[in-house]
$ cat target20.txt   # compact mmCIF, C-alpha atoms and all ligand atoms
# COMPACT_ATOMS: atom_id res chain seq x y z
CA MET A 1 209.97 13.19 13.10
CA LYS A 2 211.21 16.12 15.08
CA ILE A 3 209.16 15.15 18.12
CA LEU A 4 210.35 11.56 17.84
CA LYS A 5 213.90 12.79 17.68
CA SER A 6 213.56 14.90 20.78
CA ILE A 7 211.91 12.04 22.64
CA LYS A 8 214.84 9.87 21.69
CA GLU A 9 217.25 12.54 22.87
CA TYR A 10 215.31 12.86 26.09
CA ILE A 11 215.46 9.11 26.73
CA ASP A 12 219.15 9.06 25.83
CA SER A 13 220.00 11.81 28.27
CA PHE A 14 217.79 10.17 30.86
CA LEU A 15 219.63 6.88 30.39
CA TYR A 16 222.94 8.68 30.55
CA LEU A 17 221.97 10.19 33.88
CA PHE A 18 221.44 6.79 35.45
CA TYR A 19 223.81 4.70 33.38
CA PRO A 20 226.71 7.01 32.63
CA GLU A 21 228.85 3.95 31.93
CA LEU A 22 227.03 3.32 28.65
CA CYS A 23 228.77 3.62 25.30
CA ILE A 24 228.52 7.15 23.79
CA VAL A 25 227.59 5.79 20.36
CA CYS A 26 224.97 3.09 20.91
CA ASN A 27 223.82 4.03 24.43
CA LYS A 28 223.21 0.35 25.00
CA ASN A 29 226.31 -1.59 25.88
CA ASP A 30 228.68 -1.10 28.77
CA ARG A 31 231.88 0.71 28.06
CA GLU A 32 234.07 -2.32 27.79
CA VAL A 33 237.12 -0.97 25.99
CA ASN A 34 237.67 2.42 27.59
CA ASP A 35 235.56 5.08 29.24
CA THR A 36 233.95 6.02 25.93
CA PHE A 37 233.06 3.07 23.73
CA CYS A 38 231.70 -0.45 24.00
CA LEU A 39 233.65 -3.23 22.32
CA GLU A 40 231.19 -3.47 19.43
CA CYS A 41 231.31 0.22 18.53
CA TYR A 42 235.04 0.47 19.13
CA SER A 43 235.73 -2.36 16.72
CA GLU A 44 233.78 -0.50 14.04
CA LEU A 45 235.69 2.76 14.41
CA PRO A 46 237.47 3.62 11.15
CA PHE A 47 240.91 4.45 12.56
CA THR A 48 243.26 5.81 9.88
CA ASN A 49 246.29 4.41 11.74
CA GLN A 50 248.45 6.92 9.93
CA THR A 51 250.21 8.75 12.73
CA THR A 52 253.36 6.72 12.16
CA ILE A 53 253.27 6.70 8.38
CA PRO A 54 255.53 9.19 6.62
CA LYS A 55 253.95 10.87 3.59
CA ASN A 56 250.55 9.59 4.58
CA GLN A 57 247.25 10.62 2.96
CA PHE A 58 246.86 13.60 5.27
CA ILE A 59 250.30 15.00 4.38
CA GLN A 60 249.83 14.31 0.68
CA HIS A 61 246.72 16.42 0.81
CA PHE A 62 248.84 19.50 1.61
CA GLU A 63 251.72 18.68 -0.71
CA GLY A 64 252.67 21.63 -2.86
CA LYS A 65 250.47 23.93 -0.79
CA ILE A 66 252.28 24.25 2.52
CA LYS A 67 255.17 22.53 4.26
CA ILE A 68 254.04 20.51 7.23
CA GLU A 69 256.32 18.44 9.44
CA HIS A 70 253.72 15.80 10.05
CA GLY A 71 249.98 15.39 10.06
CA ALA A 72 247.27 12.83 10.66
CA ALA A 73 243.58 12.35 11.32
CA LEU A 74 242.34 9.98 14.00
CA PHE A 75 239.46 8.56 11.91
CA TYR A 76 238.11 8.40 8.41
CA PHE A 77 234.85 10.25 8.04
CA VAL A 78 232.20 7.86 6.77
CA LYS A 79 228.75 9.27 6.00
CA GLN A 80 226.06 7.85 8.28
CA GLY A 81 228.80 6.19 10.29
CA ILE A 82 229.88 6.33 13.91
CA VAL A 83 232.34 9.15 13.31
CA GLN A 84 229.73 11.36 11.69
CA ASN A 85 227.55 10.72 14.71
CA ILE A 86 230.37 11.75 17.08
CA ILE A 87 231.22 14.89 15.10
CA GLN A 88 227.57 15.94 14.88
CA ASN A 89 227.10 15.49 18.59
CA LEU A 90 230.29 17.41 19.26
CA LYS A 91 229.33 20.31 17.02
CA TYR A 92 225.58 20.58 17.28
CA ASN A 93 224.34 18.64 20.31
CA ASP A 94 226.31 20.25 23.11
CA LYS A 95 228.73 17.39 23.66
CA PRO A 96 232.09 19.11 24.15
CA GLN A 97 233.29 16.10 26.14
CA TYR A 98 233.31 14.03 22.93
CA GLY A 99 236.00 16.30 21.55
CA VAL A 100 238.10 15.86 24.68
CA LYS A 101 237.71 12.06 24.51
CA MET A 102 238.76 11.94 20.85
CA GLY A 103 241.71 14.15 21.74
CA GLU A 104 242.75 11.72 24.45
CA ILE A 105 242.61 8.77 22.04
CA PHE A 106 244.61 10.73 19.49
CA GLY A 107 247.01 11.88 22.19
CA TYR A 108 247.93 8.28 23.05
CA SER A 109 248.66 7.61 19.39
CA ILE A 110 251.14 10.51 19.13
CA LYS A 111 252.69 10.22 22.57
CA ASP A 112 256.20 8.83 22.22
CA ASN A 113 255.70 8.81 18.47
CA SER A 114 258.84 10.02 16.73
CA TYR A 115 256.83 11.69 13.95
CA PHE A 116 255.21 14.04 16.43
CA LEU A 117 258.31 14.83 18.45
CA ASN A 118 259.30 18.26 19.67
CA ILE A 119 255.93 19.93 19.37
CA ASP A 120 255.97 23.04 21.54
CA MET A 121 252.31 23.95 21.55
CA ILE A 122 248.86 23.02 20.30
CA VAL A 123 246.83 25.70 18.55
CA PRO A 124 243.15 24.97 17.86
CA VAL A 125 241.52 26.50 14.76
CA PRO A 126 239.58 29.41 16.23
CA LEU A 127 235.90 30.08 15.71
CA PHE A 128 234.55 33.54 15.16
CA LYS A 129 233.61 34.90 18.60
CA SER A 130 229.84 35.07 18.00
CA LYS A 131 229.81 31.48 16.77
CA GLU A 132 231.76 30.26 19.78
CA THR A 133 229.39 32.13 22.08
CA ALA A 134 226.37 30.57 20.38
CA ARG A 135 227.81 27.04 20.60
CA GLY A 136 229.21 27.59 24.05
CA TYR A 137 232.62 26.19 23.18
CA ASN A 138 235.10 25.68 20.35
CA GLN A 139 235.06 22.01 19.33
CA SER A 140 238.67 22.18 18.09
CA LEU A 141 239.78 23.49 21.46
CA LYS A 142 238.05 20.50 23.10
CA PHE A 143 240.02 18.14 20.83
CA ALA A 144 243.19 20.07 21.76
CA GLU A 145 242.38 19.72 25.47
CA GLY A 146 242.24 15.93 25.16
CA ILE A 147 245.57 15.79 23.32
CA SER A 148 247.15 18.11 25.87
CA LYS A 149 245.84 16.03 28.78
CA VAL A 150 247.66 12.95 27.51
CA THR A 151 250.82 14.49 26.04
CA SER A 152 251.23 17.47 28.41
CA ILE A 153 251.87 19.72 25.39
CA PRO A 154 250.46 23.16 26.29
CA ILE A 155 247.59 24.78 24.37
CA VAL A 156 247.86 28.36 23.13
CA LYS A 157 244.34 29.40 22.35
CA ASN A 158 244.02 33.14 21.94
CA ASN A 159 246.96 33.95 19.72
CA LEU A 160 245.66 32.71 16.39
CA ILE A 161 242.36 34.51 16.07
CA ARG A 162 239.53 34.67 13.58
CA ILE A 163 239.21 38.28 12.55
CA ARG A 164 236.50 37.99 9.99
CA HIS A 165 233.26 36.08 9.99
CA THR A 166 233.21 33.65 7.10
CA ASP A 167 230.24 32.26 5.25
CA THR A 168 229.35 28.66 5.77
CA GLN A 169 231.48 26.65 3.38
CA THR A 170 229.46 23.53 2.76
CA LYS A 171 228.25 24.50 -0.71
CA MET A 172 231.43 26.14 -1.95
CA ASN A 173 234.04 24.74 -4.28
CA ARG A 174 237.75 24.79 -3.45
CA VAL A 175 238.48 28.21 -4.96
CA GLN A 176 235.48 29.80 -3.30
CA ARG A 177 236.52 28.32 0.03
CA LEU A 178 240.02 29.76 -0.26
CA GLU A 179 238.66 33.19 -1.19
CA ASN A 180 236.18 32.99 1.65
CA LEU A 181 238.96 32.29 4.16
CA TYR A 182 241.56 34.66 2.79
CA ASP A 183 242.70 36.91 5.64
CA ALA A 184 240.10 35.45 7.97
CA PHE A 185 242.77 34.60 10.54
CA SER A 186 245.48 36.60 12.21
CA VAL A 187 248.27 36.11 14.74
CA LEU A 188 248.02 38.51 17.68
CA GLU A 189 251.46 38.16 19.24
CA PRO A 190 253.98 36.77 16.74
CA LYS A 191 256.60 36.45 19.51
CA THR A 192 254.60 33.65 21.16
CA PHE A 193 254.92 31.51 18.01
CA GLU A 194 258.46 32.48 17.07
CA ASN A 195 260.85 29.56 16.73
CA LYS A 196 258.14 27.08 17.74
CA HIS A 197 256.81 23.83 16.33
CA ILE A 198 253.04 24.21 16.39
CA LEU A 199 250.40 21.50 16.12
CA ILE A 200 247.29 23.03 14.55
CA VAL A 201 244.13 21.05 15.28
CA ASP A 202 240.66 21.09 13.77
CA ASP A 203 237.62 18.81 13.86
CA VAL A 204 237.44 17.57 10.27
CA LEU A 205 239.73 17.78 7.24
CA THR A 206 237.60 18.24 4.13
CA THR A 207 239.20 20.50 1.51
CA GLY A 208 241.84 21.61 3.97
CA ALA A 209 241.23 25.29 3.17
CA THR A 210 240.81 26.28 6.83
CA LEU A 211 243.94 24.48 8.05
CA LEU A 212 245.89 25.84 5.09
CA GLU A 213 244.91 29.43 5.86
CA CYS A 214 245.74 28.99 9.56
CA GLY A 215 249.07 27.42 8.63
CA ASN A 216 249.88 30.28 6.26
CA GLN A 217 249.24 32.86 8.95
CA ILE A 218 251.36 31.02 11.51
CA MET A 219 254.22 30.50 9.08
CA LYS A 220 254.44 34.23 8.46
CA VAL A 221 256.03 34.28 11.91
CA LYS A 222 259.80 33.76 12.00
CA LYS A 223 261.14 30.19 12.17
CA THR A 224 257.89 28.41 12.87
CA LYS A 225 257.25 24.80 11.96
CA ILE A 226 253.80 23.31 11.77
CA SER A 227 252.13 19.93 12.06
CA MET A 228 248.41 19.29 11.83
CA ALA A 229 245.81 16.94 13.28
CA THR A 230 242.07 16.43 12.98
CA ILE A 231 239.51 14.09 14.48
CA ALA A 232 238.44 12.92 11.03
CA MET A 233 239.26 13.16 7.35
CA GLY A 234 237.42 12.19 4.18
CA GLN A 235 238.28 8.76 2.90
CA GLN A 236 238.91 9.66 -0.72
CA MET A 237 241.03 12.75 -0.79
CA SER A 238 242.77 14.28 -3.72
ZN ZN B 1 228.46 1.01 21.57
$ encode --input "target20.txt" --output "structure tokens"
Amino acid sequence: MKILKSIKEYIDSFLYLFYPELCIVCNKNDREVNDTFCLECYSELPFTNQTTIPKNQFIQHFEGKIKIEHGAALFYFVKQGIVQNIIQNLKYNDKPQYGVKMGEIFGYSIKDNSYFLNIDMIVPVPLFKSKETARGYNQSLKFAEGISKVTSIPIVKNNLIRIRHTDTQTKMNRVQRLENLYDAFSVLEPKTFENKHILIVDDVLTTGATLLECGNQIMKVKKTKISMATIAMGQQMS
């Protein structure tokens, strides 16, 4: 299986070299819709379409936990679906450009959108340094770069930092996740955030523990407001 997989990857990257205009999901069809997807794959993308909906699912998820001005995910995360494929490639297959592309698509949906007005800066959820070095990039920063490219909102990347390495959270329940992340983040220069409306961005919203902890740290700074955005979110969220 593993060999087959690497052969497939080899062929894919070979194809990409000669046909860079192919769709990033299926590697077959021409990119008909934009410079990322073919029409077929694009039409199957599970857009949440919630950037202009007040009190949407994303915001409800944080209700009673933290005050956010606005929030939205670009897609729903469907297991075995296109979005899972994109996220996996972004995180584990050295495809930072996928994050930038998703950021651009999201950027167009919040540009001139009254719910995302007056955002002063974009702050990506930081990775612990050793993890970022191993991966070669921070996938949330890549998403931020795409949003910034379209909206011209600046990114502030080294002011919210991860000060403690956290265990992988996949097998933890909500309480364990919160404990695991408690005090994992810190703001270096509070002055930079003071009086600012900050858009915190991450790759996927699952329990929301990471975004919540980042938000809590930022809101310790005087007069900050926060909004949040992710590439994907789970479909059924409590
Ligand atoms: Zn396609």
$ atom_distance --input "target20.txt" --atom1 "atom CA of Leu39 of chain A" --atom2 "atom CA of Ser140 of chain A"
26.2 Å
$ closest_residue --input "target20.txt" --among "A:Glu132, A:Asp202, A:Asp35, A:Glu40" --to "ligand ZN 1 (chain B)" --atoms "only C-alpha atoms and all ligand atoms"
A:Glu40
$ closest_atom_pairs --input "target20.txt" --of "chain A" --to "ligand ZN 1 (chain B)" --cutoff "12 Å" --atoms "all atoms listed in the file" --output "CSV"
residue,atom,partner,partner_atom,distance
A:Glu21,CA,B:ZN1,ZN,10.8
A:Leu22,CA,B:ZN1,ZN,7.6
A:Cys23,CA,B:ZN1,ZN,4.6
A:Ile24,CA,B:ZN1,ZN,6.5
A:Val25,CA,B:ZN1,ZN,5.0
A:Cys26,CA,B:ZN1,ZN,4.1
A:Asn27,CA,B:ZN1,ZN,6.2
A:Lys28,CA,B:ZN1,ZN,6.3
A:Asn29,CA,B:ZN1,ZN,5.5
A:Asp30,CA,B:ZN1,ZN,7.5
A:Arg31,CA,B:ZN1,ZN,7.3
A:Glu32,CA,B:ZN1,ZN,9.0
A:Val33,CA,B:ZN1,ZN,9.9
A:Asn34,CA,B:ZN1,ZN,11.1
A:Asp35,CA,B:ZN1,ZN,11.2
A:Thr36,CA,B:ZN1,ZN,8.6
A:Phe37,CA,B:ZN1,ZN,5.5
A:Cys38,CA,B:ZN1,ZN,4.3
A:Leu39,CA,B:ZN1,ZN,6.7
A:Glu40,CA,B:ZN1,ZN,5.7
A:Cys41,CA,B:ZN1,ZN,4.2
A:Tyr42,CA,B:ZN1,ZN,7.0
A:Ser43,CA,B:ZN1,ZN,9.4
A:Glu44,CA,B:ZN1,ZN,9.3
A:Leu45,CA,B:ZN1,ZN,10.3
A:Ile82,CA,B:ZN1,ZN,9.4
A:Asn85,CA,B:ZN1,ZN,11.9
A:Ile86,CA,B:ZN1,ZN,11.8
$ closest_residue --input "target20.txt" --among "A:Met228, A:Ile147, A:Ile161, A:Val175" --to "Val187 of chain A" --atoms "all atoms listed in the file"
A:Ile161
$ closest_residue --input "target20.txt" --among "A:Gly234, A:Pro154, A:Pro124, A:Gly215" --to "Lys79 of chain A" --atoms "only C-alpha atoms"
A:Gly234
$ residues_around --input "target20.txt" --residues "Ser109 of chain A" --least-positions-apart "6" --cutoff "9 Å" --atoms "all atoms listed in the file" --output "ChimeraX atom specification"
/A:49,51-52,74
$ atom_distance --input "target20.txt" --atom1 "atom CA of Thr151 of chain A" --atom2 "atom CA of Glu104 of chain A"
8.7 Å
$ closest_residue --input "target20.txt" --among "A:Met121, A:Asp203, A:Ser130, A:Phe185" --to "Ala232 of chain A" --atoms "all atoms listed in the file"
A:Asp203
$ atom_distance --input "target20.txt" --atom1 "atom CA of Gln84 of chain A" --atom2 "atom CA of His70 of chain A"
24.5 Å
$ closest_residue --input "target20.txt" --among "A:Gly208, A:Pro46, A:Gly81, A:Pro54" --to "Glu69 of chain A" --atoms "all atoms listed in the file"
A:Pro54
$ residues_near_point --input "target20.txt" --point "(243.6, 6.7, 11.2)" --cutoff "6 Å" --atoms "only C-alpha atoms" --output "ChimeraX atom specification"
/A:47-50,73-75
$ closest_residue --input "target20.txt" --among "A:Gln88, A:Thr192, A:Asn158, A:Thr230" --to "Leu205 of chain A" --atoms "only C-alpha atoms"
A:Thr230
$ residues_around --input "target20.txt" --residues "Ile200 of chain A" --least-positions-apart "5" --cutoff "7 Å" --atoms "all atoms listed in the file" --output "NGL selection string"
:A and (122-125 or 227-229)
$ write_last_selection --input "target20.txt" --atoms "C-alpha atoms" --output "mmCIF file, keeping the file's coordinate frame"
data_model
loop_
_atom_site.group_PDB
_atom_site.id
_atom_site.type_symbol
_atom_site.label_atom_id
_atom_site.label_comp_id
_atom_site.auth_asym_id
_atom_site.auth_seq_id
_atom_site.Cartn_x
_atom_site.Cartn_y
_atom_site.Cartn_z
ATOM 1 C CA ILE A 122 248.860 23.020 20.300
ATOM 2 C CA VAL A 123 246.830 25.700 18.550
ATOM 3 C CA PRO A 124 243.150 24.970 17.860
ATOM 4 C CA VAL A 125 241.520 26.500 14.760
ATOM 5 C CA SER A 227 252.130 19.930 12.060
ATOM 6 C CA MET A 228 248.410 19.290 11.830
ATOM 7 C CA ALA A 229 245.810 16.940 13.280
#
$ residues_near_point --input "target20.txt" --point "(243.0, 11.6, 23.2)" --cutoff "9 Å" --atoms "all atoms listed in the file" --output "list in words"
Gly99, Val100, Lys101, Met102, Gly103, Glu104, Ile105, Phe106, Gly107, Tyr108, Ser109, Phe143, Ala144, Glu145, Gly146, Ile147, Ser148, Lys149, Val150 and Thr151 of chain A
$ build_atoms --input "target20.txt" --residues "segment 85-120 of chain A" --atoms "N, CA and C atoms" --output "JSON list (two decimals), keeping the file's coordinate frame"
[["chain", "number", "residue", "atom", "x", "y", "z"],
["A", 85, "ASN", "N", 228.37, 10.60, 13.51],
["A", 85, "ASN", "CA", 227.55, 10.72, 14.71],
["A", 85, "ASN", "C", 228.31, 11.47, 15.83],
["A", 86, "ILE", "N", 229.57, 11.10, 16.04],
["A", 86, "ILE", "CA", 230.37, 11.75, 17.08],
["A", 86, "ILE", "C", 230.58, 13.23, 16.76],
["A", 87, "ILE", "N", 230.94, 13.50, 15.50],
["A", 87, "ILE", "CA", 231.22, 14.89, 15.10],
["A", 87, "ILE", "C", 229.95, 15.74, 15.21],
["A", 88, "GLN", "N", 228.83, 15.19, 14.79],
["A", 88, "GLN", "CA", 227.57, 15.94, 14.88],
["A", 88, "GLN", "C", 227.20, 16.25, 16.33],
["A", 89, "ASN", "N", 227.37, 15.26, 17.18],
["A", 89, "ASN", "CA", 227.10, 15.49, 18.59],
["A", 89, "ASN", "C", 228.04, 16.54, 19.18],
["A", 90, "LEU", "N", 229.28, 16.46, 18.78],
["A", 90, "LEU", "CA", 230.29, 17.41, 19.26],
["A", 90, "LEU", "C", 229.95, 18.83, 18.81],
["A", 91, "LYS", "N", 229.53, 18.97, 17.55],
["A", 91, "LYS", "CA", 229.33, 20.31, 17.02],
["A", 91, "LYS", "C", 227.93, 20.89, 17.28],
["A", 92, "TYR", "N", 226.94, 20.03, 17.24],
["A", 92, "TYR", "CA", 225.58, 20.58, 17.28],
["A", 92, "TYR", "C", 224.73, 20.13, 18.47],
["A", 93, "ASN", "N", 225.17, 19.14, 19.21],
["A", 93, "ASN", "CA", 224.34, 18.64, 20.31],
["A", 93, "ASN", "C", 224.95, 18.85, 21.70],
["A", 94, "ASP", "N", 225.78, 19.88, 21.80],
["A", 94, "ASP", "CA", 226.31, 20.25, 23.11],
["A", 94, "ASP", "C", 227.04, 19.10, 23.81],
["A", 95, "LYS", "N", 227.94, 18.47, 23.06],
["A", 95, "LYS", "CA", 228.73, 17.39, 23.66],
["A", 95, "LYS", "C", 230.22, 17.71, 23.56],
["A", 96, "PRO", "N", 230.66, 18.76, 24.24],
["A", 96, "PRO", "CA", 232.09, 19.11, 24.15],
["A", 96, "PRO", "C", 233.00, 18.00, 24.65],
["A", 97, "GLN", "N", 232.46, 17.17, 25.57],
["A", 97, "GLN", "CA", 233.29, 16.10, 26.14],
["A", 97, "GLN", "C", 233.71, 15.06, 25.08],
["A", 98, "TYR", "N", 232.93, 14.97, 24.00],
["A", 98, "TYR", "CA", 233.31, 14.03, 22.93],
["A", 98, "TYR", "C", 234.62, 14.48, 22.27],
["A", 99, "GLY", "N", 234.77, 15.78, 22.13],
["A", 99, "GLY", "CA", 236.00, 16.30, 21.55],
["A", 99, "GLY", "C", 237.20, 15.98, 22.42],
["A", 100, "VAL", "N", 237.01, 16.15, 23.75],
["A", 100, "VAL", "CA", 238.10, 15.86, 24.68],
["A", 100, "VAL", "C", 238.47, 14.38, 24.60],
["A", 101, "LYS", "N", 237.45, 13.51, 24.57],
["A", 101, "LYS", "CA", 237.71, 12.06, 24.51],
["A", 101, "LYS", "C", 238.49, 11.68, 23.25],
["A", 102, "MET", "N", 238.06, 12.26, 22.09],
["A", 102, "MET", "CA", 238.76, 11.94, 20.85],
["A", 102, "MET", "C", 240.20, 12.46, 20.90],
["A", 103, "GLY", "N", 240.36, 13.60, 21.56],
["A", 103, "GLY", "CA", 241.71, 14.15, 21.74],
["A", 103, "GLY", "C", 242.59, 13.23, 22.57],
["A", 104, "GLU", "N", 241.98, 12.64, 23.60],
["A", 104, "GLU", "CA", 242.75, 11.72, 24.45],
["A", 104, "GLU", "C", 243.20, 10.50, 23.64],
["A", 105, "ILE", "N", 242.27, 9.95, 22.85],
["A", 105, "ILE", "CA", 242.61, 8.77, 22.04],
["A", 105, "ILE", "C", 243.72, 9.13, 21.04],
["A", 106, "PHE", "N", 243.57, 10.30, 20.42],
["A", 106, "PHE", "CA", 244.61, 10.73, 19.49],
["A", 106, "PHE", "C", 245.93, 10.99, 20.22],
["A", 107, "GLY", "N", 245.82, 11.58, 21.39],
["A", 107, "GLY", "CA", 247.01, 11.88, 22.19],
["A", 107, "GLY", "C", 247.86, 10.64, 22.47],
["A", 108, "TYR", "N", 247.18, 9.53, 22.81],
["A", 108, "TYR", "CA", 247.93, 8.28, 23.05],
["A", 108, "TYR", "C", 248.63, 7.80, 21.79],
["A", 109, "SER", "N", 248.04, 8.09, 20.63],
["A", 109, "SER", "CA", 248.66, 7.61, 19.39],
["A", 109, "SER", "C", 249.86, 8.47, 18.97],
["A", 110, "ILE", "N", 249.96, 9.70, 19.50],
["A", 110, "ILE", "CA", 251.14, 10.51, 19.13],
["A", 110, "ILE", "C", 252.16, 10.64, 20.26],
["A", 111, "LYS", "N", 251.77, 10.18, 21.44],
["A", 111, "LYS", "CA", 252.69, 10.22, 22.57],
["A", 111, "LYS", "C", 253.83, 9.24, 22.29],
["A", 112, "ASP", "N", 255.03, 9.67, 22.50],
["A", 112, "ASP", "CA", 256.20, 8.83, 22.22],
["A", 112, "ASP", "C", 256.26, 8.37, 20.77],
["A", 113, "ASN", "N", 255.68, 9.13, 19.89],
["A", 113, "ASN", "CA", 255.70, 8.81, 18.47],
["A", 113, "ASN", "C", 256.71, 9.75, 17.82],
["A", 114, "SER", "N", 257.73, 9.19, 17.21],
["A", 114, "SER", "CA", 258.84, 10.02, 16.73],
["A", 114, "SER", "C", 258.41, 11.02, 15.65],
["A", 115, "TYR", "N", 257.29, 10.76, 14.99],
["A", 115, "TYR", "CA", 256.83, 11.69, 13.95],
["A", 115, "TYR", "C", 256.21, 12.95, 14.55],
["A", 116, "PHE", "N", 255.81, 12.87, 15.79],
["A", 116, "PHE", "CA", 255.21, 14.04, 16.43],
["A", 116, "PHE", "C", 256.09, 14.55, 17.57],
["A", 117, "LEU", "N", 257.38, 14.39, 17.41],
["A", 117, "LEU", "CA", 258.31, 14.83, 18.45],
["A", 117, "LEU", "C", 258.48, 16.35, 18.44],
["A", 118, "ASN", "N", 258.90, 16.85, 19.57],
["A", 118, "ASN", "CA", 259.30, 18.26, 19.67],
["A", 118, "ASN", "C", 258.22, 19.28, 19.30],
["A", 119, "ILE", "N", 256.98, 18.94, 19.58],
["A", 119, "ILE", "CA", 255.93, 19.93, 19.37],
["A", 119, "ILE", "C", 255.87, 20.81, 20.61],
["A", 120, "ASP", "N", 255.92, 22.12, 20.41],
["A", 120, "ASP", "CA", 255.97, 23.04, 21.54],
["A", 120, "ASP", "C", 254.59, 23.43, 22.04]]
